[in-house]
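Taking it in order: structure first as structure tokens, then the write-up.
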4 protein chains.
Amino acid sequence: MQEESRLERRLDRAVDRATTPRGAAVVIAGVSTVMTVAAGLLMTVVDHEHFPSIGSGLWWAVQTTPTVGYGDHVPTTVAGRLIASLVMLLGIGFLTVITAAITSTFVARSRREVAAAATVEQFRQIDERLERIEAALTNSS
Amino acid sequence: MQEESRLERRLDRAVDRATTPRGAAVVIAGVSTVMTVAAGLLMTVVDHEHFPSIGSGLWWAVQTTPTVGYGDHVPTTVAGRLIASLVMLLGIGFLTVITAAITSTFVARSRREVAAAATVEQFRQIDERLERIEAALTNSS
Amino acid sequence: MQEESRLERRLDRAVDRATTPRGAAVVIAGVSTVMTVAAGLLMTVVDHEHFPSIGSGLWWAVQTTPTVGYGDHVPTTVAGRLIASLVMLLGIGFLTVITAAITSTFVARSRREVAAAATVEQFRQIDERLERIEAALTNSS
Amino acid sequence: MQEESRLERRLDRAVDRATTPRGAAVVIAGVSTVMTVAAGLLMTVVDHEHFPSIGSGLWWAVQTTPTVGYGDHVPTTVAGRLIASLVMLLGIGFLTVITAAITSTFVARSRREVAAAATVEQFRQIDERLERIEAALTNSS
């Protein structure tokens with residue numbers, strides 16, 4: 001009974017943690033969208049000369065987060081470059097974590113199946129032997 | 001018998017799902033090629049000034065999907081920038097999923113072997129003990 | 001007793017190695033920050049014409065490590081290009097290892113739980129059968 | 001005996017396959033270096049106007065393989081752009097496979113330990129019960 005509830009708690013925690021990478025990917029996708037838009041708007045304020053319109057700010061931000069970096073609009077003020085540095089650092093960090101999250105989801109899915117298939121046969125062999133032992137024991141007693 | 005068919009169904013599903021990441025990588029490689037060509041052609045329509053030829057449109061698309069982004073041909077119209085944003089977003093997403101798919105294929109291959117090697121010895125020890133028990137039981141009855 | 005201490009040593013080594021990827025990520029994040037700053041400063045020395053200020057050197061380095069590469073400041077001397085080549089090579093290597101480290105941390109966390117959940121049920125079934133055997137054996141003797 | 005040799009063959013194959021990702025990473029690092037140098041040299045031939053020196057060709061290739069793409073030297077001929085497209089495609093593919101190889105090496109190392117630690121305790125409990133059964137059986141017979 002106690003064993004059972006410990007198993008249940010373990011499974012609950014397993015579900016909680018297994019959803020973390022996927023959840024992280026969704027949260028990061030949302031955060032990086034908000035960051036991209038915010039950085040693009042902020043750029044038109046701190047470096048108005050090179051980012052005269054909201055469109056130019058957003059366009060710069062959209063090509064910076066995924067590290068494309070055409071270089072057609074580039075900040076030249078210190079404030080603008082600090083914002084850009086933060087966007088690049090977070091952008092590359094977001095990509096890294098999203099890649100990791102998708103990978104671990106793929107790995108977890110195939111792992112569940114492979115693990116089951118790999119050991120199931122061995123468990124079956126041991127179980128068969130135990131069944132023979134149990135039968136022999138029941139007969140003898 | 002019922003146990004057997006449940007095992008078979010499990011193995012079937014395992015095969016189905018194990019092929020998913022690899023299949024996903026192939027599908028994504030095809031989709032991203034089509035998207036790159038389509039975006040390059042579309043660009044010559046929505047921003048003809050900066051993309052005067054099919055060659056310039058394809059050249060821009062080819063360097064944008066893998067996030068190289070030389071910046072020698074860059075869209076300036078709103079429609080062109082929206083298409084470019086979509087190409088960058090999908091491009092980075094495709095890279096992420098393909099990386100994840102290749103990784104999980106590598107991991108799955110080495111996992112199958114390691115898992116087997118790690119537990120086989122322990123199963124053998126338990127099996128040996130069971131064999132001794134079975135022998136003793138057969139002798140005593 | 002000896003078995004126990006061998007298990008303990010194994011667990012110790014498991015903890016040591018399991019922390020390696022995470023530790024590697026932290027170390028690499030530190031090293032890449034130092035490298036980025038050092039390369040930016042060095043650039044103002046070896047190619048003073050295109051990097052007239054510390055700000056321009058750092059700005060170039062910050063956009064080169066995560067492979068953004070706007071191209072607004074670019075080295076033209078041989079020494080400058082060799083430094084840049086090293087920064088790009090190490091930058092992409094760092095990204096690769098950090099991605100790998102985060103992924104393996106995600107995978108390890110979910111693996112522990114899934115592995116437990118997957119085999120626990122099978123162990124329980126074998127254990128139940130053994131319990132019945134033990135009970136039958138105790139009764140018969 | 002036959003069982004033993006099957007186990008040995010399995011372990012041999014495990015070692016063979018486990019070294020594949022690491023070996024793949026080394027091979028790919030070599031191939032991508034050769035490709036980068038070859039593409040840089042080739043570029044000075046097919047687009048001599050924009051790549052007048054070996055230095056400019058190599059400099060372009062070095063910043064294209066890791067997807068930095070400053071855009072200070074860019075091919076404009078069809079042949080040059082086809083070579084560049086190939087370099088970008090292979091460059092991003094190489095990065096993807098190297099990332100996957102490093103990740104799977106990290107995952108494999110931590111997996112071996114975690115897998116052992118996770119099931120060792122459960123094996124021990126079953127083994128203890130089997131020991132009691134064997135002892136009871138030996139006494140009774």
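In the structure tokens, chains take letters A, B, ... by order of appearance, with residues numbered from 1 within each chain and ligands from 1 in the order shown.
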Just need the residues of chain D within 9 Å of chain A, counting only C-alpha atoms, so spit them out as a ChimeraX atom specification.
-> /D:67-71
Near-Ser85 (chain A) list (9 Å; only C-alpha atoms; drop same-chain fewer than 6 positions) as a list of chain:residue names | C:Trp59, C:Val62, C:Gln63
So that I can see what lies close to Val74 (chain A), please list as an mmCIF file with all heavy atoms, in the first residue's frame the residues with an atom at most 8 Å from it, counting only C-alpha atoms and leaving out residues fewer than 4 positions away in the same chain.
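The result, stored in result.cif:
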```cif
data_model
loop_
_atom_site.group_PDB
_atom_site.id
_atom_site.type_symbol
_atom_site.label_atom_id
_atom_site.label_comp_id
_atom_site.auth_asym_id
_atom_site.auth_seq_id
_atom_site.Cartn_x
_atom_site.Cartn_y
_atom_site.Cartn_z
ATOM 1 N N HIS A 50 19.221 55.725 -37.221
ATOM 2 C CA HIS A 50 19.307 54.536 -38.077
ATOM 3 C C HIS A 50 18.021 53.711 -38.095
ATOM 4 O O HIS A 50 17.883 52.801 -38.903
ATOM 5 C CB HIS A 50 20.473 53.638 -37.633
ATOM 6 C CG HIS A 50 21.800 54.286 -37.870
ATOM 7 N ND1 HIS A 50 22.425 55.062 -36.924
ATOM 8 C CD2 HIS A 50 22.601 54.321 -38.975
ATOM 9 C CE1 HIS A 50 23.562 55.524 -37.406
ATOM 10 N NE2 HIS A 50 23.694 55.094 -38.650
ATOM 11 N N TRP A 60 14.809 45.012 -38.186
ATOM 12 C CA TRP A 60 16.127 44.725 -37.624
ATOM 13 C C TRP A 60 16.029 43.607 -36.571
ATOM 14 O O TRP A 60 16.827 42.671 -36.553
ATOM 15 C CB TRP A 60 16.734 45.984 -36.975
ATOM 16 C CG TRP A 60 17.875 45.656 -36.065
ATOM 17 C CD1 TRP A 60 19.168 45.429 -36.415
ATOM 18 C CD2 TRP A 60 17.810 45.465 -34.651
ATOM 19 N NE1 TRP A 60 19.921 45.109 -35.317
ATOM 20 C CE2 TRP A 60 19.108 45.125 -34.227
ATOM 21 C CE3 TRP A 60 16.779 45.539 -33.703
ATOM 22 C CZ2 TRP A 60 19.401 44.863 -32.888
ATOM 23 C CZ3 TRP A 60 17.076 45.281 -32.384
ATOM 24 C CH2 TRP A 60 18.371 44.947 -31.984
ATOM 25 N N TYR C 70 26.711 41.339 -38.944
ATOM 26 C CA TYR C 70 26.077 42.392 -39.742
ATOM 27 C C TYR C 70 26.965 42.806 -40.908
ATOM 28 O O TYR C 70 26.469 43.139 -41.973
ATOM 29 C CB TYR C 70 25.798 43.620 -38.872
ATOM 30 C CG TYR C 70 24.688 43.416 -37.866
ATOM 31 C CD1 TYR C 70 24.901 43.630 -36.514
ATOM 32 C CD2 TYR C 70 23.419 43.041 -38.288
ATOM 33 C CE1 TYR C 70 23.881 43.474 -35.593
ATOM 34 C CE2 TYR C 70 22.394 42.883 -37.371
ATOM 35 C CZ TYR C 70 22.624 43.096 -36.025
ATOM 36 O OH TYR C 70 21.621 42.928 -35.117
ATOM 37 N N ASP C 72 28.988 45.518 -40.703
ATOM 38 C CA ASP C 72 29.240 46.968 -40.676
ATOM 39 C C ASP C 72 30.691 47.281 -40.291
ATOM 40 O O ASP C 72 31.233 48.299 -40.699
ATOM 41 C CB ASP C 72 28.242 47.679 -39.753
ATOM 42 C CG ASP C 72 28.228 47.090 -38.353
ATOM 43 O OD1 ASP C 72 28.785 45.983 -38.165
ATOM 44 O OD2 ASP C 72 27.666 47.695 -37.441
#
```
Using only C-alpha atoms, which residues sit within 10 Å of Leu58 (chain D) once same-chain residues fewer than 5 positions away are excluded, as an MDAnalysis selection string?
-> (chainID C and resid 81 85) or (chainID D and resid 36:44 51 53 63:64)
Fewer than 2 positions away in the same chain doesn't count, so skip those; otherwise give me all residues within 9 Å of Gly91 (chain B), counting only C-alpha atoms, as a ChimeraX atom specification.
-> /A:66 /B:32,36,64-67,86-89,93-96
Can you write out the residues you just picked, keeping N, CA, C and O atoms, as a PDB file, in the first residue's frame?
```pdb
ATOM      1  N   PRO A  66      17.090  35.410 -34.978  1.00  0.00           N
ATOM      2  CA  PRO A  66      17.575  34.117 -35.510  1.00  0.00           C
ATOM      3  C   PRO A  66      18.982  34.199 -36.110  1.00  0.00           C
ATOM      4  O   PRO A  66      19.366  33.341 -36.887  1.00  0.00           O
TER       5      PRO A  66
ATOM      6  N   SER B  32      11.595  22.643 -46.640  1.00  0.00           N
ATOM      7  CA  SER B  32      12.414  23.860 -46.588  1.00  0.00           C
ATOM      8  C   SER B  32      13.006  24.188 -47.958  1.00  0.00           C
ATOM      9  O   SER B  32      13.181  25.359 -48.297  1.00  0.00           O
ATOM     10  N   THR B  36      12.150  27.642 -49.713  1.00  0.00           N
ATOM     11  CA  THR B  36      13.231  28.532 -50.126  1.00  0.00           C
ATOM     12  C   THR B  36      13.035  28.988 -51.564  1.00  0.00           C
ATOM     13  O   THR B  36      13.130  30.189 -51.876  1.00  0.00           O
ATOM     14  N   THR B  64      19.301  33.054 -46.785  1.00  0.00           N
ATOM     15  CA  THR B  64      18.483  33.442 -45.634  1.00  0.00           C
ATOM     16  C   THR B  64      18.051  32.219 -44.816  1.00  0.00           C
ATOM     17  O   THR B  64      18.080  32.247 -43.584  1.00  0.00           O
ATOM     18  N   THR B  65      17.649  31.134 -45.495  1.00  0.00           N
ATOM     19  CA  THR B  65      17.174  29.940 -44.775  1.00  0.00           C
ATOM     20  C   THR B  65      18.229  29.415 -43.784  1.00  0.00           C
ATOM     21  O   THR B  65      17.893  29.143 -42.635  1.00  0.00           O
ATOM     22  N   PRO B  66      19.526  29.281 -44.182  1.00  0.00           N
ATOM     23  CA  PRO B  66      20.493  28.818 -43.171  1.00  0.00           C
ATOM     24  C   PRO B  66      21.066  29.958 -42.328  1.00  0.00           C
ATOM     25  O   PRO B  66      22.118  29.791 -41.727  1.00  0.00           O
ATOM     26  N   THR B  67      20.410  31.108 -42.275  1.00  0.00           N
ATOM     27  CA  THR B  67      20.769  32.269 -41.434  1.00  0.00           C
ATOM     28  C   THR B  67      22.147  32.862 -41.738  1.00  0.00           C
ATOM     29  O   THR B  67      22.777  33.441 -40.850  1.00  0.00           O
ATOM     30  N   LEU B  86       8.958  35.362 -42.304  1.00  0.00           N
ATOM     31  CA  LEU B  86       8.425  34.003 -42.282  1.00  0.00           C
ATOM     32  C   LEU B  86       9.527  33.000 -42.656  1.00  0.00           C
ATOM     33  O   LEU B  86       9.666  31.943 -42.022  1.00  0.00           O
ATOM     34  N   VAL B  87      10.313  33.331 -43.696  1.00  0.00           N
ATOM     35  CA  VAL B  87      11.402  32.447 -44.125  1.00  0.00           C
ATOM     36  C   VAL B  87      12.410  32.251 -42.988  1.00  0.00           C
ATOM     37  O   VAL B  87      12.866  31.133 -42.726  1.00  0.00           O
ATOM     38  N   MET B  88      12.752  33.370 -42.301  1.00  0.00           N
ATOM     39  CA  MET B  88      13.720  33.265 -41.198  1.00  0.00           C
ATOM     40  C   MET B  88      13.169  32.423 -40.054  1.00  0.00           C
ATOM     41  O   MET B  88      13.855  31.569 -39.503  1.00  0.00           O
ATOM     42  N   LEU B  89      11.893  32.684 -39.705  1.00  0.00           N
ATOM     43  CA  LEU B  89      11.263  31.957 -38.603  1.00  0.00           C
ATOM     44  C   LEU B  89      11.207  30.463 -38.916  1.00  0.00           C
ATOM     45  O   LEU B  89      11.609  29.619 -38.099  1.00  0.00           O
ATOM     46  N   GLY B  93      13.404  27.317 -37.409  1.00  0.00           N
ATOM     47  CA  GLY B  93      12.621  26.209 -36.858  1.00  0.00           C
ATOM     48  C   GLY B  93      13.000  24.885 -37.506  1.00  0.00           C
ATOM     49  O   GLY B  93      13.170  23.866 -36.821  1.00  0.00           O
ATOM     50  N   PHE B  94      13.182  24.905 -38.836  1.00  0.00           N
ATOM     51  CA  PHE B  94      13.560  23.695 -39.561  1.00  0.00           C
ATOM     52  C   PHE B  94      14.915  23.186 -39.071  1.00  0.00           C
ATOM     53  O   PHE B  94      15.090  21.991 -38.802  1.00  0.00           O
ATOM     54  N   LEU B  95      15.876  24.108 -38.946  1.00  0.00           N
ATOM     55  CA  LEU B  95      17.215  23.733 -38.474  1.00  0.00           C
ATOM     56  C   LEU B  95      17.135  23.064 -37.113  1.00  0.00           C
ATOM     57  O   LEU B  95      17.790  22.052 -36.857  1.00  0.00           O
ATOM     58  N   THR B  96      16.308  23.662 -36.256  1.00  0.00           N
ATOM     59  CA  THR B  96      16.150  23.151 -34.894  1.00  0.00           C
ATOM     60  C   THR B  96      15.610  21.723 -34.903  1.00  0.00           C
ATOM     61  O   THR B  96      16.155  20.837 -34.239  1.00  0.00           O
TER      62      THR B  96
END
```
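Picture a line from CA of Ser104 (chain B) to CA of Ser104 (chain D); it runs 7.8 Å.
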